[in-house]
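Single-structure report; data block below.
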Amino acid sequence: SITHLFTHPGLANVYALDAEHKRILVWDQNGTLIGQYFSEKLASALTITVNEKTSEAIVTTTNTILSFKMEK
């Protein structure tokens with residue numbers, strides 16, 4: 001139940017927002033799942049953007065912007 005995908009030329013990974021399951025999924029460019037990040041705050045998330053240099057995910061909801069550190 002992916003609600004939003006994010007990637008960009010030059011990024012190492014593909015990021016998916018799964019608001020129904022309150023998680024962010026991360027795949028490498030070969031399609032291998034390399035990480036999942038869970039938070040109750042993701043239940044109302046609409047979009048995701050990622051800064052790989054800072055390992056930060058920026059998520060929008062209907063009324064706010066959230067920032068998450070994606071620790072390995």
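In the structure tokens, chains take the letters A, B, ... in the order shown, each chain's residues start at 1, and ligands count up from 1 in the order shown.
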* Do a neighbour search on Asn13 in chain A at 7 Å with only C-alpha atoms, toss out local chain neighbours closer than 3 positions, and write the hits as a list in words. =>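 The residues that qualify are Thr7, Val26, Trp27, Asp28 and Gln29 of chain A.
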| task | Skip Ser67 in chain A itself and residues of its chain fewer than 6 positions away, then list as a list in words all residues within 7 Å of it, counting only C-alpha atoms. | result |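 Near neighbours after the sequence-gap exclusion: Glu56, Ala57, Ile58 and Val59 of chain A.
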Distance criterion (only C-alpha atoms): nearest to Lys41 in chain A out of A:Tyr15, A:Ser55, A:Leu25, A:Thr61: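 Closest residue, counting only C-alpha atoms: A:Thr61.
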Quick one: residues within 9 Å of Ile2 in chain A, only C-alpha atoms, excluding same-chain residues fewer than 2 positions away - as a ChimeraX atom specification?
/A:4-5,16-20
Create the file for the chosen residues now, containing N, CA, C and O atoms and written as a tab-separated table (two decimals), in the first residue's frame.
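Okay, this is what ended up in selection-v2.tsv:
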chain	number	residue	atom	x	y	z
A	4	HIS	N	3.40	6.96	-1.80
A	4	HIS	CA	4.25	7.92	-2.51
A	4	HIS	C	5.65	7.33	-2.67
A	4	HIS	O	6.16	6.69	-1.76
A	5	LEU	N	6.26	7.54	-3.83
A	5	LEU	CA	7.63	7.11	-4.11
A	5	LEU	C	8.51	8.33	-4.31
A	5	LEU	O	8.05	9.35	-4.83
A	16	ALA	N	10.00	4.79	-0.38
A	16	ALA	CA	8.56	4.67	-0.50
A	16	ALA	C	7.91	5.01	0.83
A	16	ALA	O	8.40	4.63	1.90
A	17	LEU	N	6.80	5.70	0.75
A	17	LEU	CA	5.99	6.02	1.92
A	17	LEU	C	4.81	5.06	1.94
A	17	LEU	O	4.08	4.96	0.95
A	18	ASP	N	4.64	4.36	3.03
A	18	ASP	CA	3.51	3.45	3.24
A	18	ASP	C	2.78	3.95	4.48
A	18	ASP	O	3.04	3.50	5.59
A	19	ALA	N	1.88	4.92	4.28
A	19	ALA	CA	1.20	5.56	5.41
A	19	ALA	C	0.29	4.57	6.14
A	19	ALA	O	0.18	4.63	7.37
A	20	GLU	N	-0.33	3.66	5.43
A	20	GLU	CA	-1.23	2.70	6.07
A	20	GLU	C	-0.51	1.88	7.14
A	20	GLU	O	-1.04	1.61	8.21
Correct to one decimal, the distance CA of Ile65 in chain A-CA of Thr49 in chain A is 10.7 Å
*Near Lys53 in chain A, counting only C-alpha atoms, which residues have an atom at most 12 Å away, once you skip same-chain residues fewer than 4 positions from it, shown as a PyMOL selection string?*
chain A and resi 10-13+57+69-70
**Message:** At a cut-off of 12 Å, using only C-alpha atoms, what residues contact Glu40 in chain A? Leave out same-chain residues fewer than 4 positions from it and give the result as a ChimeraX atom specification.
**Reply:** /A:18-24,44-45,66,68
Please write the residues from the selection above to a file, keeping N, CA and C atoms, as a PDB file, in the first residue's frame.
ATOM      1  N   ASP A  18       4.642   4.358   3.030  1.00  0.00           N
ATOM      2  CA  ASP A  18       3.515   3.451   3.240  1.00  0.00           C
ATOM      3  C   ASP A  18       2.780   3.951   4.477  1.00  0.00           C
ATOM      4  N   ALA A  19       1.882   4.924   4.281  1.00  0.00           N
ATOM      5  CA  ALA A  19       1.198   5.557   5.407  1.00  0.00           C
ATOM      6  C   ALA A  19       0.291   4.572   6.143  1.00  0.00           C
ATOM      7  N   GLU A  20      -0.328   3.662   5.430  1.00  0.00           N
ATOM      8  CA  GLU A  20      -1.233   2.697   6.072  1.00  0.00           C
ATOM      9  C   GLU A  20      -0.505   1.881   7.136  1.00  0.00           C
ATOM     10  N   HIS A  21       0.741   1.505   6.861  1.00  0.00           N
ATOM     11  CA  HIS A  21       1.521   0.721   7.814  1.00  0.00           C
ATOM     12  C   HIS A  21       2.539   1.572   8.582  1.00  0.00           C
ATOM     13  N   LYS A  22       2.429   2.887   8.442  1.00  0.00           N
ATOM     14  CA  LYS A  22       3.228   3.865   9.196  1.00  0.00           C
ATOM     15  C   LYS A  22       4.725   3.626   9.047  1.00  0.00           C
ATOM     16  N   ARG A  23       5.171   3.514   7.791  1.00  0.00           N
ATOM     17  CA  ARG A  23       6.585   3.212   7.573  1.00  0.00           C
ATOM     18  C   ARG A  23       7.124   3.849   6.296  1.00  0.00           C
ATOM     19  N   ILE A  24       8.449   3.959   6.262  1.00  0.00           N
ATOM     20  CA  ILE A  24       9.203   4.350   5.077  1.00  0.00           C
ATOM     21  C   ILE A  24      10.031   3.127   4.686  1.00  0.00           C
ATOM     22  N   SER A  44      -0.542   9.767   8.851  1.00  0.00           N
ATOM     23  CA  SER A  44      -1.227  10.818   8.083  1.00  0.00           C
ATOM     24  C   SER A  44      -0.326  11.430   7.004  1.00  0.00           C
ATOM     25  N   ALA A  45       0.786  10.769   6.698  1.00  0.00           N
ATOM     26  CA  ALA A  45       1.744  11.299   5.722  1.00  0.00           C
ATOM     27  C   ALA A  45       1.198  11.213   4.300  1.00  0.00           C
ATOM     28  N   LEU A  66       7.113  17.028   8.549  1.00  0.00           N
ATOM     29  CA  LEU A  66       7.844  16.269   9.556  1.00  0.00           C
ATOM     30  C   LEU A  66       9.225  15.911   9.022  1.00  0.00           C
ATOM     31  N   PHE A  68      12.512  13.189   9.704  1.00  0.00           N
ATOM     32  CA  PHE A  68      12.953  11.976  10.386  1.00  0.00           C
ATOM     33  C   PHE A  68      14.391  11.681  10.016  1.00  0.00           C
TER      34      PHE A  68
END
What separation in Å, quoted to one decimal, exists between CA of Thr60 in chain A and CA of Asn30 in chain A?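 Between CA of Thr60 in chain A and CA of Asn30 in chain A the gap works out to 27.1 Å.
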